[in-house]
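Heads up: the structure comes next, in structure tokens.
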Amino acid sequence: MPALAWTLPTLRKAWNQAKGEVAPWWRDCSKEAYGSGIADLAAALNAWSTSKQGRRAGPRVGFPRFKARRRDRGRVRFHTGTMRLEADRRHVLLPVIGKLRSKESTRRLERLVTKGRARVLSMTLSEHGDRLFVSVTTIVAHTPRGPREPQGRCGIDLGIGAEWAVIAHADDTIERVAHPAPWATERLQRRRAARQTSRRIVGSRGHRQARAKLAALDRRAANLRREAIHTLTTRLARRYGVIVVEDLDVAAMGRAMGRRAFRRSVYQAGIGRVRPILAYKTSWAGGRLAVADRWFTSSKTHHGCGGYCAGLGLADRRWICPNCGELVNRNANAARNLRDWTGPVRDRDVQRGGVAAPVPFVGDHGGQARAAAWACEASQDHREVAEANDTGTNPPTPRVRNPEQGYQAQ
Ligand SMILES: [Zn+2]
């Protein structure tokens, strides 16, 4: 087989030429099932080659791996065809698959779409354990409202103990936010479920059930954590003109610091996720995120008097200032120091205006035009397939053959 260029059009063309032979059943599935797989492969190959050539930031990217159907989660991304959020705000319509009842109300997004302030670009259906998720990619036109206190500043000290986040507000009040997913209680439950799993015979129904239980526990913890991070960051971004956080090297914390329990709680607390989320939310809200220098001693310097406590251990919650003799609360003091930090902003995330920040959609698209554009008609081949096997709300069984298999240029 001749070598192929690793681009989306070439790979797609090769697939279209070969699908009749290698996958005569291709008509049974939506063409998007193959299309999104090929697009992801092209993206992965591109990431690998740019990373190899040193043209890509971030950690090194390996060569894409073959994914077995049973081990990888099923997913398909729809770009074309009839897809919409139904007006009852409880159903999502997808091409080929049909209408799906959503567990969560789609109100917030549906309202934006109906008003013409958002346009649906694609919908991705994916399996997570025994659940199906639809994620909707949209362009949202939003008018930046300034933060409520444009001159106000706040500092956030993130930690891994019971006090997950300590916030020093502009009016000098201290807010303490408890850990989003109480790790201690959850660990016991998780341990029990894990032990159950390991005692059951692999492949048996009991093993499957125990594994599902474990997955449910993990999912719950992740959801609680995400919820806490988003509510905190949204609240602060809407209120303050400037938010100051520490430059935490979370990866290094997880790697370097002794005890396994400590490293585990570093990741468990999700503190590495706060900064990138704040970076885009502050820019959306019209505020600014400042990241204090990595060497700024926010914990060891007494706010106000400037006394420095050299021998401060990780576990010390309080210390006595050697300069003025006052008893200092470690986290509150660190948050105050961060709030009043004035230094150069050298953070990459901040300068770029956020890691994952979508560009605000300010264009000449009138609301009506966009509302009409996204409710596009199904193309002919979709309608045929939809009639042939309309599976209702059953999860699709994408027997997508990985295009890597047999099409990889050798
Ligand atoms: Zn002092």
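Following the order of the structure tokens, first chain is A, next is B, and so on, with residues numbered from 1 inside each chain and ligands from 1 in the order they appear.
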Practice problem: Quick one: everything within 10 Å of Lys300 (chain A), counting only C-alpha atoms, minus sequence neighbours fewer than 5 positions away in the same chain. Send it as a VMD selection string. | Solution: chain A and resid 306 to 313 319 321 328 330 333 to 334 337
Practice problem: Using DSSP on the backbone coordinates, identify all residues within region 33-254 of chain A classified as helix (DSSP H, G or I); present the result as a PyMOL selection string. | Solution: chain A and resi 33-52+107-114+183-199+205-239+250-254
Given only C-alpha atoms, how would the per-residue table for region 41-147 of chain A near region 210-227 of chain A read, listing every residue at most 10 Å away with its closest atom pair and distance in Å to one decimal, sorted by chain and number, as a tab-separated table?
residue	atom	partner	partner_atom	distance
A:His128	CA	A:Ala215	CA	9.4
A:Gly129	CA	A:Ala212	CA	7.2
A:Asp130	CA	A:Ala212	CA	8.1
Resulting file, chosen residues, N, CA and C atoms, as a compact mmCIF listing (two decimals), in the first residue's frame:
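Written output follows (out_20.txt):
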# COMPACT_ATOMS: atom_id res chain seq x y z
N HIS A 128 -20.27 6.48 29.05
CA HIS A 128 -19.40 6.49 30.23
C HIS A 128 -19.98 5.45 31.17
N GLY A 129 -19.35 4.32 31.26
CA GLY A 129 -19.93 3.25 32.06
C GLY A 129 -21.25 2.84 31.43
N ASP A 130 -22.32 2.88 32.23
CA ASP A 130 -23.60 2.47 31.67
C ASP A 130 -24.45 3.68 31.31
Quiz prompt | Residues of region 91-254 of chain A in strand (DSSP E), written as a PyMOL selection string | solution = chain A and resi 91-94+98-101+118-128+131-140+149-158+163-168+174-178+240-246
So which residues are near ligand 1, meaning at most 7 Å away with only C-alpha atoms and all ligand atoms counted, given back as an mmCIF file with N, CA, C and O atoms, in the first residue's frame?
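Contents of out_26.cif, as written:
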data_model
loop_
_atom_site.group_PDB
_atom_site.id
_atom_site.type_symbol
_atom_site.label_atom_id
_atom_site.label_comp_id
_atom_site.auth_asym_id
_atom_site.auth_seq_id
_atom_site.Cartn_x
_atom_site.Cartn_y
_atom_site.Cartn_z
ATOM 1 N N HIS A 302 4.326 37.406 57.299
ATOM 2 C CA HIS A 302 3.150 37.892 58.018
ATOM 3 C C HIS A 302 2.553 39.075 57.269
ATOM 4 O O HIS A 302 3.220 40.076 57.037
ATOM 5 N N GLY A 304 0.870 42.376 56.634
ATOM 6 C CA GLY A 304 0.762 43.572 57.466
ATOM 7 C C GLY A 304 2.097 44.001 58.030
ATOM 8 O O GLY A 304 2.583 45.060 57.719
ATOM 9 N N CYS A 305 2.756 43.108 58.801
ATOM 10 C CA CYS A 305 4.000 43.550 59.444
ATOM 11 C C CYS A 305 5.234 43.063 58.701
ATOM 12 O O CYS A 305 6.309 43.613 58.864
ATOM 13 N N GLY A 306 5.091 42.067 57.882
ATOM 14 C CA GLY A 306 6.222 41.622 57.083
ATOM 15 C C GLY A 306 7.191 40.701 57.798
ATOM 16 O O GLY A 306 8.235 40.359 57.262
ATOM 17 N N GLY A 307 6.836 40.260 58.983
ATOM 18 C CA GLY A 307 7.693 39.322 59.712
ATOM 19 C C GLY A 307 7.787 37.997 58.959
ATOM 20 O O GLY A 307 6.832 37.555 58.340
ATOM 21 N N CYS A 321 4.359 35.094 64.822
ATOM 22 C CA CYS A 321 5.214 35.978 64.040
ATOM 23 C C CYS A 321 6.420 36.398 64.873
ATOM 24 O O CYS A 321 6.263 36.904 65.988
ATOM 25 N N PRO A 322 7.639 36.180 64.374
ATOM 26 C CA PRO A 322 8.833 36.535 65.145
ATOM 27 C C PRO A 322 9.014 38.051 65.254
ATOM 28 O O PRO A 322 9.755 38.521 66.114
ATOM 29 N N ASN A 323 8.340 38.782 64.416
ATOM 30 C CA ASN A 323 8.511 40.238 64.419
ATOM 31 C C ASN A 323 7.595 40.903 65.435
ATOM 32 O O ASN A 323 8.029 41.707 66.250
ATOM 33 N N CYS A 324 6.278 40.549 65.396
ATOM 34 C CA CYS A 324 5.341 41.239 66.278
ATOM 35 C C CYS A 324 4.703 40.312 67.310
ATOM 36 O O CYS A 324 3.947 40.772 68.160
ATOM 37 N N GLY A 325 4.991 39.034 67.246
ATOM 38 C CA GLY A 325 4.506 38.130 68.281
ATOM 39 C C GLY A 325 3.048 37.728 68.167
ATOM 40 O O GLY A 325 2.493 37.127 69.065
ATOM 41 N N GLU A 326 2.444 38.040 67.056
ATOM 42 C CA GLU A 326 1.032 37.722 66.885
ATOM 43 C C GLU A 326 0.871 36.267 66.432
ATOM 44 O O GLU A 326 1.736 35.724 65.744
#
Quiz item: Could you name the residues that touch Arg75 (chain A) at 7 Å or less, counting only C-alpha atoms, but leaving out those on the same chain fewer than 2 positions away, as a list in words?
Solution: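 Those residues are Arg73, Arg77, Thr124, Leu125, Ser126 and Glu127 of chain A.
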Residues just named, written with N, CA, C and O atoms as an mmCIF file, in the first residue's frame:
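Output (out15.cif):
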data_model
loop_
_atom_site.group_PDB
_atom_site.id
_atom_site.type_symbol
_atom_site.label_atom_id
_atom_site.label_comp_id
_atom_site.auth_asym_id
_atom_site.auth_seq_id
_atom_site.Cartn_x
_atom_site.Cartn_y
_atom_site.Cartn_z
ATOM 1 N N ARG A 73 -14.171 3.628 25.155
ATOM 2 C CA ARG A 73 -15.581 3.981 25.230
ATOM 3 C C ARG A 73 -16.099 4.389 23.850
ATOM 4 O O ARG A 73 -15.384 4.987 23.043
ATOM 5 N N ARG A 77 -19.389 11.805 16.989
ATOM 6 C CA ARG A 77 -19.623 13.251 16.949
ATOM 7 C C ARG A 77 -20.411 13.591 15.690
ATOM 8 O O ARG A 77 -20.011 13.206 14.591
ATOM 9 N N THR A 124 -21.796 15.478 20.540
ATOM 10 C CA THR A 124 -21.037 14.247 20.705
ATOM 11 C C THR A 124 -21.770 13.337 21.674
ATOM 12 O O THR A 124 -22.121 13.751 22.767
ATOM 13 N N LEU A 125 -22.000 12.136 21.227
ATOM 14 C CA LEU A 125 -22.647 11.145 22.075
ATOM 15 C C LEU A 125 -21.576 10.181 22.543
ATOM 16 O O LEU A 125 -20.792 9.675 21.734
ATOM 17 N N SER A 126 -21.502 9.963 23.850
ATOM 18 C CA SER A 126 -20.467 9.045 24.328
ATOM 19 C C SER A 126 -20.988 8.202 25.483
ATOM 20 O O SER A 126 -21.894 8.592 26.203
ATOM 21 N N GLU A 127 -20.386 7.042 25.618
ATOM 22 C CA GLU A 127 -20.719 6.130 26.705
ATOM 23 C C GLU A 127 -19.742 6.350 27.851
ATOM 24 O O GLU A 127 -18.538 6.385 27.628
#
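When only C-alpha atoms are used to compute distances to Arg176 (chain A), the closest of the residues A:Leu132, A:Ile201, A:Ile156, A:Ala87 turns out to be A:Ile156.
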Practice problem: One decimal, Å: what's the distance from CA of His230 (chain A) over to CA of Arg275 (chain A), could you say? | Solution: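 Separation of CA of His230 (chain A) and CA of Arg275 (chain A): 11.2 Å.
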Quiz item: Taking only C-alpha atoms into account, which of A:Val76, A:Ala33, A:Cys154, A:Ala39 comes nearest Thr7 (chain A)?
Solution: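 Checking each candidate against Thr7 (chain A), we get A:Ala39 as the closest.
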Quiz item: Could you work out how far CA of Leu45 (chain A) lies from CA of Pro59 (chain A), giving the answer in Å with one decimal?
Solution: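 Those two atoms sit 15.2 Å apart.
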Exercise. Give me the residues within 7 Å of region 135-150 of chain A as a list of chain:residue names, counting only C-alpha atoms and dropping any in the same chain fewer than 4 places off.
Key: A:Arg117, A:Ala118, A:Arg119, A:Val120, A:Leu121, A:Ser122, A:Met123, A:Thr124, A:Leu125, A:Ala237, A:Arg238, A:Arg239, A:Tyr240, A:Gly241, A:Trp284, A:Ala285, A:Gly286, A:Gly287, A:Pro360, A:Phe361, A:Val362
Store the residues picked out above, limited to N, CA, C and O atoms, as a compact mmCIF listing (two decimals), in the first residue's frame.
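Okay, out33.txt is ready:
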# COMPACT_ATOMS: atom_id res chain seq x y z
N ARG A 117 -28.93 33.31 20.46
CA ARG A 117 -27.65 33.75 21.01
C ARG A 117 -26.61 32.64 21.00
O ARG A 117 -25.45 32.86 21.33
N ALA A 118 -27.04 31.43 20.66
CA ALA A 118 -26.08 30.34 20.59
C ALA A 118 -26.38 29.51 19.35
O ALA A 118 -27.52 29.40 18.92
N ARG A 119 -25.33 28.95 18.79
CA ARG A 119 -25.50 28.09 17.63
C ARG A 119 -24.81 26.77 17.91
O ARG A 119 -23.66 26.76 18.37
N VAL A 120 -25.52 25.69 17.64
CA VAL A 120 -24.96 24.37 17.88
C VAL A 120 -24.04 24.00 16.73
O VAL A 120 -24.44 24.05 15.57
N LEU A 121 -22.80 23.67 17.04
CA LEU A 121 -21.86 23.27 16.00
C LEU A 121 -21.82 21.76 15.84
O LEU A 121 -21.78 21.24 14.74
N SER A 122 -21.81 21.06 16.95
CA SER A 122 -21.78 19.61 16.87
C SER A 122 -22.30 19.04 18.18
O SER A 122 -22.36 19.74 19.19
N MET A 123 -22.69 17.79 18.12
CA MET A 123 -23.09 17.09 19.33
C MET A 123 -22.31 15.78 19.38
O MET A 123 -22.19 15.09 18.38
N THR A 124 -21.80 15.48 20.54
CA THR A 124 -21.04 14.25 20.70
C THR A 124 -21.77 13.34 21.67
O THR A 124 -22.12 13.75 22.77
N LEU A 125 -22.00 12.14 21.23
CA LEU A 125 -22.65 11.15 22.07
C LEU A 125 -21.58 10.18 22.54
O LEU A 125 -20.79 9.67 21.73
N ALA A 237 -15.22 35.23 39.77
CA ALA A 237 -14.95 35.94 38.52
C ALA A 237 -16.01 37.02 38.26
O ALA A 237 -15.71 38.05 37.68
N ARG A 238 -17.25 36.77 38.70
CA ARG A 238 -18.28 37.78 38.48
C ARG A 238 -18.15 38.93 39.44
O ARG A 238 -18.68 40.00 39.22
N ARG A 239 -17.46 38.70 40.54
CA ARG A 239 -17.42 39.74 41.56
C ARG A 239 -16.20 40.65 41.43
O ARG A 239 -16.33 41.87 41.56
N TYR A 240 -15.02 40.06 41.19
CA TYR A 240 -13.80 40.85 41.35
C TYR A 240 -13.13 41.21 40.03
O TYR A 240 -13.16 40.45 39.08
N GLY A 241 -12.50 42.39 40.05
CA GLY A 241 -11.72 42.82 38.90
C GLY A 241 -10.41 42.06 38.79
O GLY A 241 -9.95 41.77 37.70
N TRP A 284 -13.77 36.18 30.45
CA TRP A 284 -15.16 36.30 30.02
C TRP A 284 -15.88 37.40 30.79
O TRP A 284 -16.70 38.13 30.25
N ALA A 285 -15.59 37.48 32.07
CA ALA A 285 -16.31 38.42 32.92
C ALA A 285 -15.73 39.82 32.86
O ALA A 285 -16.26 40.73 33.47
N GLY A 286 -14.63 39.98 32.14
CA GLY A 286 -14.04 41.30 32.03
C GLY A 286 -13.06 41.61 33.15
O GLY A 286 -12.66 42.75 33.32
N GLY A 287 -12.68 40.61 33.91
CA GLY A 287 -11.70 40.81 34.99
C GLY A 287 -10.33 40.31 34.57
O GLY A 287 -10.05 40.13 33.38
N PRO A 360 -14.77 35.00 22.16
CA PRO A 360 -16.15 35.48 22.24
C PRO A 360 -16.70 35.74 20.85
O PRO A 360 -16.01 36.25 19.98
N PHE A 361 -17.92 35.32 20.67
CA PHE A 361 -18.50 35.36 19.33
C PHE A 361 -19.16 36.70 19.13
O PHE A 361 -20.28 36.93 19.55
N VAL A 362 -18.46 37.63 18.54
CA VAL A 362 -19.03 38.93 18.26
C VAL A 362 -18.94 39.11 16.75
O VAL A 362 -17.91 39.43 16.21
